[in-house]
file work-v3.txt (compact mmCIF, N, CA and C atoms)
# COMPACT_ATOMS: atom_id res chain seq x y z
N ALA A 1212 -8.24 15.24 -23.64
CA ALA A 1212 -7.52 16.27 -24.38
C ALA A 1212 -6.65 17.06 -23.41
N ALA A 1213 -5.58 17.57 -23.95
CA ALA A 1213 -4.68 18.39 -23.13
C ALA A 1213 -4.09 19.48 -24.01
N GLY A 1214 -3.80 20.60 -23.41
CA GLY A 1214 -3.21 21.70 -24.17
C GLY A 1214 -2.47 22.63 -23.25
N GLY A 1215 -1.74 23.55 -23.83
CA GLY A 1215 -0.98 24.51 -23.04
C GLY A 1215 -0.66 25.72 -23.90
N TRP A 1216 -0.18 26.75 -23.26
CA TRP A 1216 0.20 27.98 -23.96
C TRP A 1216 1.70 28.05 -24.12
N LEU A 1217 2.11 28.48 -25.28
CA LEU A 1217 3.50 28.88 -25.49
C LEU A 1217 3.42 30.07 -26.44
N VAL A 1218 3.42 31.25 -25.87
CA VAL A 1218 3.35 32.48 -26.65
C VAL A 1218 4.66 33.21 -26.41
N GLN A 1219 5.39 33.44 -27.49
CA GLN A 1219 6.70 34.07 -27.37
C GLN A 1219 6.72 35.32 -28.24
N MET A 1220 7.11 36.41 -27.65
CA MET A 1220 7.24 37.66 -28.40
C MET A 1220 8.58 37.66 -29.13
N LEU A 1221 8.52 38.00 -30.37
CA LEU A 1221 9.74 38.08 -31.17
C LEU A 1221 10.42 39.43 -30.94
N PRO A 1222 11.71 39.51 -31.20
CA PRO A 1222 12.39 40.80 -31.05
C PRO A 1222 11.68 41.87 -31.88
N GLY A 1223 11.54 43.02 -31.29
CA GLY A 1223 10.89 44.12 -31.99
C GLY A 1223 9.40 44.23 -31.70
N ALA A 1224 8.85 43.29 -30.92
CA ALA A 1224 7.42 43.38 -30.57
C ALA A 1224 7.20 44.65 -29.76
N THR A 1225 6.17 45.37 -30.11
CA THR A 1225 5.89 46.63 -29.42
C THR A 1225 5.12 46.36 -28.13
N GLU A 1226 5.12 47.34 -27.24
CA GLU A 1226 4.34 47.23 -26.00
C GLU A 1226 2.86 47.05 -26.32
N GLU A 1227 2.42 47.70 -27.39
CA GLU A 1227 1.02 47.58 -27.82
C GLU A 1227 0.68 46.13 -28.20
N THR A 1228 1.58 45.50 -28.93
CA THR A 1228 1.39 44.10 -29.32
C THR A 1228 1.36 43.20 -28.09
N ILE A 1229 2.32 43.39 -27.20
CA ILE A 1229 2.39 42.57 -25.98
C ILE A 1229 1.11 42.74 -25.17
N SER A 1230 0.66 43.97 -25.02
CA SER A 1230 -0.55 44.26 -24.26
C SER A 1230 -1.77 43.59 -24.91
N GLN A 1231 -1.85 43.62 -26.23
CA GLN A 1231 -3.00 43.01 -26.93
C GLN A 1231 -3.00 41.49 -26.75
N VAL A 1232 -1.84 40.87 -26.84
CA VAL A 1232 -1.76 39.41 -26.65
C VAL A 1232 -2.15 39.06 -25.22
N GLU A 1233 -1.69 39.83 -24.25
CA GLU A 1233 -2.07 39.58 -22.85
C GLU A 1233 -3.57 39.69 -22.67
N LYS A 1234 -4.19 40.71 -23.27
CA LYS A 1234 -5.64 40.89 -23.20
C LYS A 1234 -6.35 39.69 -23.83
N ASN A 1235 -5.84 39.24 -24.96
CA ASN A 1235 -6.46 38.11 -25.66
C ASN A 1235 -6.40 36.84 -24.82
N ILE A 1236 -5.29 36.62 -24.16
CA ILE A 1236 -5.16 35.43 -23.30
C ILE A 1236 -6.16 35.52 -22.16
N MET A 1237 -6.27 36.70 -21.53
CA MET A 1237 -7.19 36.88 -20.40
C MET A 1237 -8.65 36.75 -20.84
N ALA A 1238 -8.93 37.09 -22.10
CA ALA A 1238 -10.31 37.03 -22.59
C ALA A 1238 -10.77 35.62 -22.94
N LEU A 1239 -9.83 34.71 -23.09
CA LEU A 1239 -10.22 33.34 -23.44
C LEU A 1239 -10.99 32.72 -22.27
N LYS A 1240 -12.01 32.01 -22.59
CA LYS A 1240 -12.87 31.41 -21.57
C LYS A 1240 -12.38 30.01 -21.25
N GLY A 1241 -11.43 29.91 -20.36
CA GLY A 1241 -10.96 28.60 -19.94
C GLY A 1241 -9.50 28.36 -20.28
N SER A 1242 -9.00 27.27 -19.75
CA SER A 1242 -7.63 26.86 -20.01
C SER A 1242 -7.54 26.25 -21.40
N PRO A 1243 -6.34 26.06 -21.92
CA PRO A 1243 -6.21 25.40 -23.22
C PRO A 1243 -6.91 24.03 -23.25
N THR A 1244 -6.77 23.27 -22.17
CA THR A 1244 -7.40 21.95 -22.11
C THR A 1244 -8.92 22.08 -22.18
N GLU A 1245 -9.46 23.05 -21.45
CA GLU A 1245 -10.91 23.26 -21.46
C GLU A 1245 -11.39 23.71 -22.84
N LEU A 1246 -10.63 24.56 -23.50
CA LEU A 1246 -11.01 25.01 -24.84
C LEU A 1246 -11.03 23.85 -25.83
N ILE A 1247 -10.01 23.02 -25.76
CA ILE A 1247 -9.94 21.87 -26.65
C ILE A 1247 -11.09 20.90 -26.35
N SER A 1248 -11.32 20.65 -25.07
CA SER A 1248 -12.41 19.75 -24.67
C SER A 1248 -13.77 20.27 -25.09
N SER A 1249 -13.92 21.59 -25.15
CA SER A 1249 -15.21 22.17 -25.55
C SER A 1249 -15.38 22.18 -27.07
N GLY A 1250 -14.38 21.72 -27.80
CA GLY A 1250 -14.53 21.61 -29.25
C GLY A 1250 -13.80 22.65 -30.06
N LYS A 1251 -13.10 23.57 -29.40
CA LYS A 1251 -12.34 24.58 -30.15
C LYS A 1251 -11.19 23.90 -30.88
N THR A 1252 -10.93 24.35 -32.10
CA THR A 1252 -9.80 23.83 -32.87
C THR A 1252 -8.56 24.67 -32.58
N ALA A 1253 -7.42 24.15 -32.92
CA ALA A 1253 -6.17 24.90 -32.75
C ALA A 1253 -6.23 26.20 -33.56
N HIS A 1254 -6.80 26.13 -34.75
CA HIS A 1254 -6.91 27.33 -35.58
C HIS A 1254 -7.78 28.39 -34.91
N GLU A 1255 -8.89 27.98 -34.30
CA GLU A 1255 -9.78 28.92 -33.63
C GLU A 1255 -9.09 29.55 -32.41
N ILE A 1256 -8.35 28.74 -31.68
CA ILE A 1256 -7.64 29.26 -30.50
C ILE A 1256 -6.55 30.25 -30.93
N CYS A 1257 -5.82 29.92 -31.99
CA CYS A 1257 -4.78 30.84 -32.48
C CYS A 1257 -5.40 32.15 -32.98
N ALA A 1258 -6.55 32.05 -33.63
CA ALA A 1258 -7.22 33.27 -34.11
C ALA A 1258 -7.64 34.13 -32.93
N ALA A 1259 -8.10 33.52 -31.84
CA ALA A 1259 -8.49 34.28 -30.65
C ALA A 1259 -7.26 34.93 -30.01
N LEU A 1260 -6.16 34.23 -29.98
CA LEU A 1260 -4.92 34.79 -29.41
C LEU A 1260 -4.40 35.96 -30.24
N ALA A 1261 -4.66 35.91 -31.55
CA ALA A 1261 -4.14 36.94 -32.45
C ALA A 1261 -5.15 38.05 -32.74
N ALA A 1262 -6.31 38.01 -32.09
CA ALA A 1262 -7.33 39.04 -32.34
C ALA A 1262 -6.76 40.43 -32.07
N GLY A 1263 -7.06 41.35 -32.97
CA GLY A 1263 -6.57 42.72 -32.81
C GLY A 1263 -5.16 42.92 -33.34
N LEU A 1264 -4.53 41.89 -33.80
CA LEU A 1264 -3.19 41.98 -34.38
C LEU A 1264 -3.29 41.64 -35.87
N ARG A 1265 -2.98 42.57 -36.69
CA ARG A 1265 -3.00 42.33 -38.14
C ARG A 1265 -4.32 41.69 -38.56
N ASP A 1266 -5.42 42.29 -38.16
CA ASP A 1266 -6.73 41.72 -38.48
C ASP A 1266 -6.97 41.58 -39.97
N ASN A 1267 -6.27 42.35 -40.78
CA ASN A 1267 -6.46 42.25 -42.23
C ASN A 1267 -5.72 41.06 -42.84
N GLU A 1268 -4.91 40.37 -42.05
CA GLU A 1268 -4.19 39.19 -42.54
C GLU A 1268 -4.78 37.94 -41.90
N ALA A 1269 -5.26 37.06 -42.72
CA ALA A 1269 -5.85 35.82 -42.22
C ALA A 1269 -4.73 34.86 -41.78
N ILE A 1270 -5.01 34.11 -40.74
CA ILE A 1270 -4.07 33.07 -40.30
C ILE A 1270 -4.36 31.84 -41.16
N ALA A 1271 -3.39 31.42 -41.91
CA ALA A 1271 -3.59 30.27 -42.78
C ALA A 1271 -3.76 28.99 -41.95
N PRO A 1272 -4.79 28.21 -42.26
CA PRO A 1272 -4.94 26.96 -41.52
C PRO A 1272 -3.77 26.03 -41.82
N TYR A 1273 -3.32 25.38 -40.81
CA TYR A 1273 -2.18 24.48 -40.95
C TYR A 1273 -2.46 23.25 -40.11
N SER A 1274 -2.35 22.14 -40.73
CA SER A 1274 -2.56 20.92 -39.94
C SER A 1274 -1.43 19.95 -40.22
N LEU A 1275 -1.14 19.21 -39.23
CA LEU A 1275 -0.06 18.23 -39.31
C LEU A 1275 -0.58 16.94 -38.72
N ARG A 1276 -0.47 15.88 -39.47
CA ARG A 1276 -0.90 14.59 -38.96
C ARG A 1276 0.32 13.86 -38.44
N PRO A 1277 0.35 13.64 -37.13
CA PRO A 1277 1.50 12.93 -36.57
C PRO A 1277 1.56 11.52 -37.14
N ARG A 1278 2.75 11.05 -37.36
CA ARG A 1278 2.93 9.67 -37.80
C ARG A 1278 4.19 9.12 -37.17
N PHE A 1279 4.15 7.86 -36.94
CA PHE A 1279 5.29 7.20 -36.32
C PHE A 1279 6.26 6.76 -37.40
N THR A 1280 7.49 7.13 -37.23
CA THR A 1280 8.54 6.61 -38.10
C THR A 1280 9.73 6.26 -37.22
N CYS A 1281 10.36 5.20 -37.58
CA CYS A 1281 11.54 4.78 -36.83
C CYS A 1281 12.75 4.91 -37.75
N LYS A 1282 13.84 5.33 -37.19
CA LYS A 1282 15.05 5.54 -37.98
C LYS A 1282 16.04 4.39 -37.83
N CYS A 1283 15.53 3.23 -37.40
CA CYS A 1283 16.44 2.10 -37.29
C CYS A 1283 16.87 1.66 -38.70
N SER A 1284 18.03 1.06 -38.79
CA SER A 1284 18.54 0.59 -40.08
C SER A 1284 19.58 -0.48 -39.82
N ILE A 1285 19.90 -1.20 -40.87
CA ILE A 1285 20.92 -2.24 -40.74
C ILE A 1285 22.28 -1.62 -40.40
N ASP A 1286 22.54 -0.41 -40.89
CA ASP A 1286 23.81 0.26 -40.56
C ASP A 1286 23.90 0.54 -39.05
N LYS A 1287 22.80 0.97 -38.45
CA LYS A 1287 22.80 1.21 -37.01
C LYS A 1287 22.97 -0.09 -36.24
N VAL A 1288 22.37 -1.15 -36.75
CA VAL A 1288 22.54 -2.47 -36.13
C VAL A 1288 24.01 -2.87 -36.20
N TYR A 1289 24.63 -2.69 -37.35
CA TYR A 1289 26.05 -3.02 -37.52
C TYR A 1289 26.91 -2.24 -36.52
N ARG A 1290 26.64 -0.94 -36.39
CA ARG A 1290 27.43 -0.12 -35.46
C ARG A 1290 27.25 -0.58 -34.01
N THR A 1291 26.03 -0.98 -33.67
CA THR A 1291 25.77 -1.46 -32.31
C THR A 1291 26.47 -2.79 -32.06
N ILE A 1292 26.35 -3.69 -33.00
CA ILE A 1292 27.01 -5.01 -32.86
C ILE A 1292 28.51 -4.83 -32.71
N ALA A 1293 29.07 -3.89 -33.47
CA ALA A 1293 30.52 -3.69 -33.45
C ALA A 1293 31.02 -3.17 -32.11
N LEU A 1294 30.13 -2.67 -31.26
CA LEU A 1294 30.53 -2.21 -29.93
C LEU A 1294 30.74 -3.37 -28.96
N LEU A 1295 30.21 -4.53 -29.32
CA LEU A 1295 30.32 -5.71 -28.46
C LEU A 1295 31.57 -6.51 -28.83
N PRO A 1296 32.11 -7.25 -27.88
CA PRO A 1296 33.31 -8.05 -28.18
C PRO A 1296 33.04 -9.04 -29.32
N ARG A 1297 33.92 -9.04 -30.30
CA ARG A 1297 33.73 -9.89 -31.48
C ARG A 1297 33.67 -11.37 -31.11
N GLU A 1298 34.51 -11.79 -30.16
CA GLU A 1298 34.53 -13.20 -29.77
C GLU A 1298 33.17 -13.62 -29.21
N GLU A 1299 32.57 -12.75 -28.42
CA GLU A 1299 31.25 -13.04 -27.83
C GLU A 1299 30.20 -13.19 -28.92
N MET A 1300 30.24 -12.33 -29.91
CA MET A 1300 29.28 -12.39 -31.01
C MET A 1300 29.50 -13.66 -31.85
N GLU A 1301 30.77 -14.01 -32.08
CA GLU A 1301 31.06 -15.22 -32.85
C GLU A 1301 30.61 -16.47 -32.09
N ASP A 1302 30.77 -16.48 -30.76
CA ASP A 1302 30.29 -17.60 -29.95
C ASP A 1302 28.77 -17.73 -30.05
N THR A 1303 28.09 -16.61 -29.94
CA THR A 1303 26.63 -16.62 -30.04
C THR A 1303 26.20 -17.10 -31.42
N LEU A 1304 26.87 -16.65 -32.44
CA LEU A 1304 26.56 -17.06 -33.81
C LEU A 1304 26.77 -18.56 -33.98
N ALA A 1305 27.85 -19.09 -33.41
CA ALA A 1305 28.13 -20.52 -33.52
C ALA A 1305 27.07 -21.34 -32.80
N LYS A 1306 26.61 -20.87 -31.64
CA LYS A 1306 25.61 -21.61 -30.85
C LYS A 1306 24.21 -21.49 -31.44
N GLU A 1307 23.84 -20.29 -31.85
CA GLU A 1307 22.46 -20.01 -32.26
C GLU A 1307 22.24 -20.08 -33.77
N GLY A 1308 23.31 -19.94 -34.54
CA GLY A 1308 23.18 -19.94 -36.00
C GLY A 1308 22.91 -18.56 -36.58
N GLU A 1309 22.49 -17.63 -35.73
CA GLU A 1309 22.27 -16.25 -36.16
C GLU A 1309 22.22 -15.37 -34.92
N ILE A 1310 22.37 -14.07 -35.16
CA ILE A 1310 22.23 -13.10 -34.07
C ILE A 1310 20.99 -12.28 -34.39
N GLU A 1311 20.10 -12.21 -33.41
CA GLU A 1311 18.86 -11.48 -33.60
C GLU A 1311 18.93 -10.16 -32.85
N VAL A 1312 18.63 -9.09 -33.55
CA VAL A 1312 18.60 -7.75 -32.96
C VAL A 1312 17.21 -7.20 -33.19
N LYS A 1313 16.58 -6.71 -32.13
CA LYS A 1313 15.22 -6.18 -32.25
C LYS A 1313 15.22 -4.71 -31.84
N CYS A 1314 14.68 -3.88 -32.70
CA CYS A 1314 14.55 -2.45 -32.39
C CYS A 1314 13.51 -2.28 -31.29
N GLU A 1315 13.88 -1.59 -30.24
CA GLU A 1315 12.98 -1.39 -29.10
C GLU A 1315 11.86 -0.40 -29.40
N PHE A 1316 11.98 0.37 -30.48
CA PHE A 1316 10.97 1.37 -30.80
C PHE A 1316 9.91 0.82 -31.74
N CYS A 1317 10.33 0.26 -32.87
CA CYS A 1317 9.35 -0.21 -33.86
C CYS A 1317 9.18 -1.73 -33.86
N LYS A 1318 10.01 -2.41 -33.08
CA LYS A 1318 9.96 -3.88 -32.95
C LYS A 1318 10.40 -4.63 -34.21
N ARG A 1319 11.05 -3.93 -35.12
CA ARG A 1319 11.59 -4.61 -36.31
C ARG A 1319 12.73 -5.52 -35.87
N THR A 1320 12.77 -6.70 -36.47
CA THR A 1320 13.79 -7.68 -36.11
C THR A 1320 14.81 -7.79 -37.24
N TYR A 1321 16.07 -7.75 -36.87
CA TYR A 1321 17.18 -7.96 -37.80
C TYR A 1321 17.86 -9.27 -37.42
N ARG A 1322 18.12 -10.11 -38.41
CA ARG A 1322 18.80 -11.37 -38.15
C ARG A 1322 20.12 -11.37 -38.93
N LEU A 1323 21.22 -11.53 -38.18
CA LEU A 1323 22.54 -11.48 -38.79
C LEU A 1323 23.13 -12.88 -38.85
N LYS A 1324 23.64 -13.23 -40.01
CA LYS A 1324 24.33 -14.51 -40.22
C LYS A 1324 25.83 -14.22 -40.20
N GLY A 1325 26.64 -15.21 -40.52
CA GLY A 1325 28.10 -15.08 -40.46
C GLY A 1325 28.66 -13.93 -41.26
N LYS A 1326 28.26 -13.83 -42.54
CA LYS A 1326 28.81 -12.75 -43.39
C LYS A 1326 28.34 -11.38 -42.89
N ASP A 1327 27.13 -11.32 -42.32
CA ASP A 1327 26.62 -10.05 -41.79
C ASP A 1327 27.45 -9.59 -40.59
N LEU A 1328 27.83 -10.55 -39.75
CA LEU A 1328 28.64 -10.23 -38.57
C LEU A 1328 30.00 -9.69 -39.00
N ALA A 1329 30.60 -10.35 -39.98
CA ALA A 1329 31.89 -9.87 -40.49
C ALA A 1329 31.74 -8.46 -41.06
N GLU A 1330 30.66 -8.24 -41.79
CA GLU A 1330 30.43 -6.92 -42.38
C GLU A 1330 30.23 -5.85 -41.30
N ALA A 1331 29.57 -6.22 -40.21
CA ALA A 1331 29.36 -5.27 -39.12
C ALA A 1331 30.68 -4.79 -38.55
N TYR A 1332 31.59 -5.71 -38.31
CA TYR A 1332 32.89 -5.33 -37.74
C TYR A 1332 33.77 -4.62 -38.77
N GLU A 1333 33.67 -5.02 -40.04
CA GLU A 1333 34.45 -4.34 -41.08
C GLU A 1333 33.95 -2.90 -41.27
N THR A 1334 32.63 -2.73 -41.27
CA THR A 1334 32.05 -1.40 -41.42
C THR A 1334 32.48 -0.49 -40.29
N ALA A 1335 32.42 -1.01 -39.06
CA ALA A 1335 32.80 -0.21 -37.90
C ALA A 1335 34.29 0.15 -37.92
N SER A 1336 35.13 -0.80 -38.31
CA SER A 1336 36.57 -0.49 -38.32
C SER A 1336 36.94 0.48 -39.44
N SER A 1337 36.17 0.47 -40.54
CA SER A 1337 36.46 1.42 -41.62
C SER A 1337 36.00 2.83 -41.28
N GLN A 1338 35.09 2.97 -40.30
CA GLN A 1338 34.61 4.29 -39.91
C GLN A 1338 35.46 4.92 -38.81
N ASP A 1339 36.35 4.16 -38.22
CA ASP A 1339 37.23 4.70 -37.15
C ASP A 1339 38.30 5.60 -37.68

call {"tool": "encode", "arguments": {"input": "work-v3.txt", "output": "structure tokens"}}
result
Amino acid sequence: AAGGWLVQMLPGATEETISQVEKNIMALKGSPTELISSGKTAHEICAALAAGLRDNEAIAPYSLRPRFTCKCSIDKVYRTIALLPREEMEDTLAKEGEIEVKCEFCKRTYRLKGKDLAEAYETASSQD
């Protein structure tokens, strides 16, 4: 586990607020990594950092589940292909029968045939 602090005072924060947050940070037993490793949740750590500030307002629990998404698309493939010399792409297409493009992030494979290659260059020239 790993963690870190990023506490930023917003404009208008009073000296009292700043002092309370500093006290709260000093009162924590350990670094963010140690707190996480000991089983503290992000919500518990945030509550400790905010102790003494607006105690009558509860901090709403918030969780976010990270997920991988890739923004690759056939349009991006077309734009990339159009950056390469057309003759080179046509030669490759003639030799191989198709042009294969693989996204380096999600490993999705795009296979372009003759009409796809023409569309890639037409799309790029219409966007200029």

call {"tool": "select_by_dssp", "arguments": {"input": "work-v3.txt", "residues": "region 1270-1336 of chain A", "states": "strand (DSSP E or B)", "output": "ChimeraX atom specification"}}
result
/A:1310-1313,1320-1323

call {"tool": "residues_around", "arguments": {"input": "work-v3.txt", "residues": "region 1220-1237 of chain A", "least_positions_apart": "6", "cutoff": "8 Å", "atoms": "all atoms listed in the file", "output": "PyMOL selection string"}}
result
chain A and resi 1259-1264

call {"tool": "closest_residue", "arguments": {"input": "work-v3.txt", "among": "A:Ala1305, A:Ala1331, A:Val1218, A:Leu1323", "to": "Thr1291 (chain A)", "atoms": "only N, CA and C atoms"}}
result
A:Ala1331

call {"tool": "select_by_dssp", "arguments": {"input": "work-v3.txt", "residues": "chain A", "states": "helix (DSSP H, G or I)", "output": "short mmCIF file (atom, residue, chain, number, x, y, z; two decimals) with N, CA and C atoms, in the frame of the given file"}}
result
data_model
loop_
_atom_site.label_atom_id
_atom_site.label_comp_id
_atom_site.auth_asym_id
_atom_site.auth_seq_id
_atom_site.Cartn_x
_atom_site.Cartn_y
_atom_site.Cartn_z
N GLU A 1226 5.12 47.34 -27.24
CA GLU A 1226 4.34 47.23 -26.00
C GLU A 1226 2.86 47.05 -26.32
N GLU A 1227 2.42 47.70 -27.39
CA GLU A 1227 1.02 47.58 -27.82
C GLU A 1227 0.68 46.13 -28.20
N THR A 1228 1.58 45.50 -28.93
CA THR A 1228 1.39 44.10 -29.32
C THR A 1228 1.36 43.20 -28.09
N ILE A 1229 2.32 43.39 -27.20
CA ILE A 1229 2.39 42.57 -25.98
C ILE A 1229 1.11 42.74 -25.17
N SER A 1230 0.66 43.97 -25.02
CA SER A 1230 -0.55 44.26 -24.26
C SER A 1230 -1.77 43.59 -24.91
N GLN A 1231 -1.85 43.62 -26.23
CA GLN A 1231 -3.00 43.01 -26.93
C GLN A 1231 -3.00 41.49 -26.75
N VAL A 1232 -1.84 40.87 -26.84
CA VAL A 1232 -1.76 39.41 -26.65
C VAL A 1232 -2.15 39.06 -25.22
N GLU A 1233 -1.69 39.83 -24.25
CA GLU A 1233 -2.07 39.58 -22.85
C GLU A 1233 -3.57 39.69 -22.67
N LYS A 1234 -4.19 40.71 -23.27
CA LYS A 1234 -5.64 40.89 -23.20
C LYS A 1234 -6.35 39.69 -23.83
N ASN A 1235 -5.84 39.24 -24.96
CA ASN A 1235 -6.46 38.11 -25.66
C ASN A 1235 -6.40 36.84 -24.82
N ILE A 1236 -5.29 36.62 -24.16
CA ILE A 1236 -5.16 35.43 -23.30
C ILE A 1236 -6.16 35.52 -22.16
N MET A 1237 -6.27 36.70 -21.53
CA MET A 1237 -7.19 36.88 -20.40
C MET A 1237 -8.65 36.75 -20.84
N ALA A 1238 -8.93 37.09 -22.10
CA ALA A 1238 -10.31 37.03 -22.59
C ALA A 1238 -10.77 35.62 -22.94
N PRO A 1243 -6.34 26.06 -21.92
CA PRO A 1243 -6.21 25.40 -23.22
C PRO A 1243 -6.91 24.03 -23.25
N THR A 1244 -6.77 23.27 -22.17
CA THR A 1244 -7.40 21.95 -22.11
C THR A 1244 -8.92 22.08 -22.18
N GLU A 1245 -9.46 23.05 -21.45
CA GLU A 1245 -10.91 23.26 -21.46
C GLU A 1245 -11.39 23.71 -22.84
N LEU A 1246 -10.63 24.56 -23.50
CA LEU A 1246 -11.01 25.01 -24.84
C LEU A 1246 -11.03 23.85 -25.83
N ILE A 1247 -10.01 23.02 -25.76
CA ILE A 1247 -9.94 21.87 -26.65
C ILE A 1247 -11.09 20.90 -26.35
N SER A 1248 -11.32 20.65 -25.07
CA SER A 1248 -12.41 19.75 -24.67
C SER A 1248 -13.77 20.27 -25.09
N ALA A 1253 -7.42 24.15 -32.92
CA ALA A 1253 -6.17 24.90 -32.75
C ALA A 1253 -6.23 26.20 -33.56
N HIS A 1254 -6.80 26.13 -34.75
CA HIS A 1254 -6.91 27.33 -35.58
C HIS A 1254 -7.78 28.39 -34.91
N GLU A 1255 -8.89 27.98 -34.30
CA GLU A 1255 -9.78 28.92 -33.63
C GLU A 1255 -9.09 29.55 -32.41
N ILE A 1256 -8.35 28.74 -31.68
CA ILE A 1256 -7.64 29.26 -30.50
C ILE A 1256 -6.55 30.25 -30.93
N CYS A 1257 -5.82 29.92 -31.99
CA CYS A 1257 -4.78 30.84 -32.48
C CYS A 1257 -5.40 32.15 -32.98
N ALA A 1258 -6.55 32.05 -33.63
CA ALA A 1258 -7.22 33.27 -34.11
C ALA A 1258 -7.64 34.13 -32.93
N ALA A 1259 -8.10 33.52 -31.84
CA ALA A 1259 -8.49 34.28 -30.65
C ALA A 1259 -7.26 34.93 -30.01
N LEU A 1260 -6.16 34.23 -29.98
CA LEU A 1260 -4.92 34.79 -29.41
C LEU A 1260 -4.40 35.96 -30.24
N ILE A 1285 19.90 -1.20 -40.87
CA ILE A 1285 20.92 -2.24 -40.74
C ILE A 1285 22.28 -1.62 -40.40
N ASP A 1286 22.54 -0.41 -40.89
CA ASP A 1286 23.81 0.26 -40.56
C ASP A 1286 23.90 0.54 -39.05
N LYS A 1287 22.80 0.97 -38.45
CA LYS A 1287 22.80 1.21 -37.01
C LYS A 1287 22.97 -0.09 -36.24
N VAL A 1288 22.37 -1.15 -36.75
CA VAL A 1288 22.54 -2.47 -36.13
C VAL A 1288 24.01 -2.87 -36.20
N TYR A 1289 24.63 -2.69 -37.35
CA TYR A 1289 26.05 -3.02 -37.52
C TYR A 1289 26.91 -2.24 -36.52
N ARG A 1290 26.64 -0.94 -36.39
CA ARG A 1290 27.43 -0.12 -35.46
C ARG A 1290 27.25 -0.58 -34.01
N THR A 1291 26.03 -0.98 -33.67
CA THR A 1291 25.77 -1.46 -32.31
C THR A 1291 26.47 -2.79 -32.06
N ILE A 1292 26.35 -3.69 -33.00
CA ILE A 1292 27.01 -5.01 -32.86
C ILE A 1292 28.51 -4.83 -32.71
N ARG A 1297 33.92 -9.04 -30.30
CA ARG A 1297 33.73 -9.89 -31.48
C ARG A 1297 33.67 -11.37 -31.11
N GLU A 1298 34.51 -11.79 -30.16
CA GLU A 1298 34.53 -13.20 -29.77
C GLU A 1298 33.17 -13.62 -29.21
N GLU A 1299 32.57 -12.75 -28.42
CA GLU A 1299 31.25 -13.04 -27.83
C GLU A 1299 30.20 -13.19 -28.92
N MET A 1300 30.24 -12.33 -29.91
CA MET A 1300 29.28 -12.39 -31.01
C MET A 1300 29.50 -13.66 -31.85
N GLU A 1301 30.77 -14.01 -32.08
CA GLU A 1301 31.06 -15.22 -32.85
C GLU A 1301 30.61 -16.47 -32.09
N ASP A 1302 30.77 -16.48 -30.76
CA ASP A 1302 30.29 -17.60 -29.95
C ASP A 1302 28.77 -17.73 -30.05
N THR A 1303 28.09 -16.61 -29.94
CA THR A 1303 26.63 -16.62 -30.04
C THR A 1303 26.20 -17.10 -31.42
N LEU A 1304 26.87 -16.65 -32.44
CA LEU A 1304 26.56 -17.06 -33.81
C LEU A 1304 26.77 -18.56 -33.98
N ALA A 1305 27.85 -19.09 -33.41
CA ALA A 1305 28.13 -20.52 -33.52
C ALA A 1305 27.07 -21.34 -32.80
N LYS A 1306 26.61 -20.87 -31.64
CA LYS A 1306 25.61 -21.61 -30.85
C LYS A 1306 24.21 -21.49 -31.44
N GLU A 1307 23.84 -20.29 -31.85
CA GLU A 1307 22.46 -20.01 -32.26
C GLU A 1307 22.24 -20.08 -33.77
N GLY A 1325 26.64 -15.21 -40.52
CA GLY A 1325 28.10 -15.08 -40.46
C GLY A 1325 28.66 -13.93 -41.26
N LYS A 1326 28.26 -13.83 -42.54
CA LYS A 1326 28.81 -12.75 -43.39
C LYS A 1326 28.34 -11.38 -42.89
N ASP A 1327 27.13 -11.32 -42.32
CA ASP A 1327 26.62 -10.05 -41.79
C ASP A 1327 27.45 -9.59 -40.59
N LEU A 1328 27.83 -10.55 -39.75
CA LEU A 1328 28.64 -10.23 -38.57
C LEU A 1328 30.00 -9.69 -39.00
N ALA A 1329 30.60 -10.35 -39.98
CA ALA A 1329 31.89 -9.87 -40.49
C ALA A 1329 31.74 -8.46 -41.06
N GLU A 1330 30.66 -8.24 -41.79
CA GLU A 1330 30.43 -6.92 -42.38
C GLU A 1330 30.23 -5.85 -41.30
N ALA A 1331 29.57 -6.22 -40.21
CA ALA A 1331 29.36 -5.27 -39.12
C ALA A 1331 30.68 -4.79 -38.55
N TYR A 1332 31.59 -5.71 -38.31
CA TYR A 1332 32.89 -5.33 -37.74
C TYR A 1332 33.77 -4.62 -38.77
N GLU A 1333 33.67 -5.02 -40.04
CA GLU A 1333 34.45 -4.34 -41.08
C GLU A 1333 33.95 -2.90 -41.27
N THR A 1334 32.63 -2.73 -41.27
CA THR A 1334 32.05 -1.40 -41.42
C THR A 1334 32.48 -0.49 -40.29
N ALA A 1335 32.42 -1.01 -39.06
CA ALA A 1335 32.80 -0.21 -37.90
C ALA A 1335 34.29 0.15 -37.92
N SER A 1336 35.13 -0.80 -38.31
CA SER A 1336 36.57 -0.49 -38.32
C SER A 1336 36.94 0.48 -39.44
N SER A 1337 36.17 0.47 -40.54
CA SER A 1337 36.46 1.42 -41.62
C SER A 1337 36.00 2.83 -41.28
N GLN A 1338 35.09 2.97 -40.30
CA GLN A 1338 34.61 4.29 -39.91
C GLN A 1338 35.46 4.92 -38.81
#

call {"tool": "atom_distance", "arguments": {"input": "work-v3.txt", "atom1": "CA of Cys1281 (chain A)", "atom2": "CA of Tyr1321 (chain A)"}}
result
14.0 Å

call {"tool": "residues_around", "arguments": {"input": "work-v3.txt", "residues": "Lys1313 (chain A)", "least_positions_apart": "5", "cutoff": "10 Å", "atoms": "only C-alpha atoms", "output": "PyMOL selection string"}}
result
chain A and resi 1283+1288+1318-1322
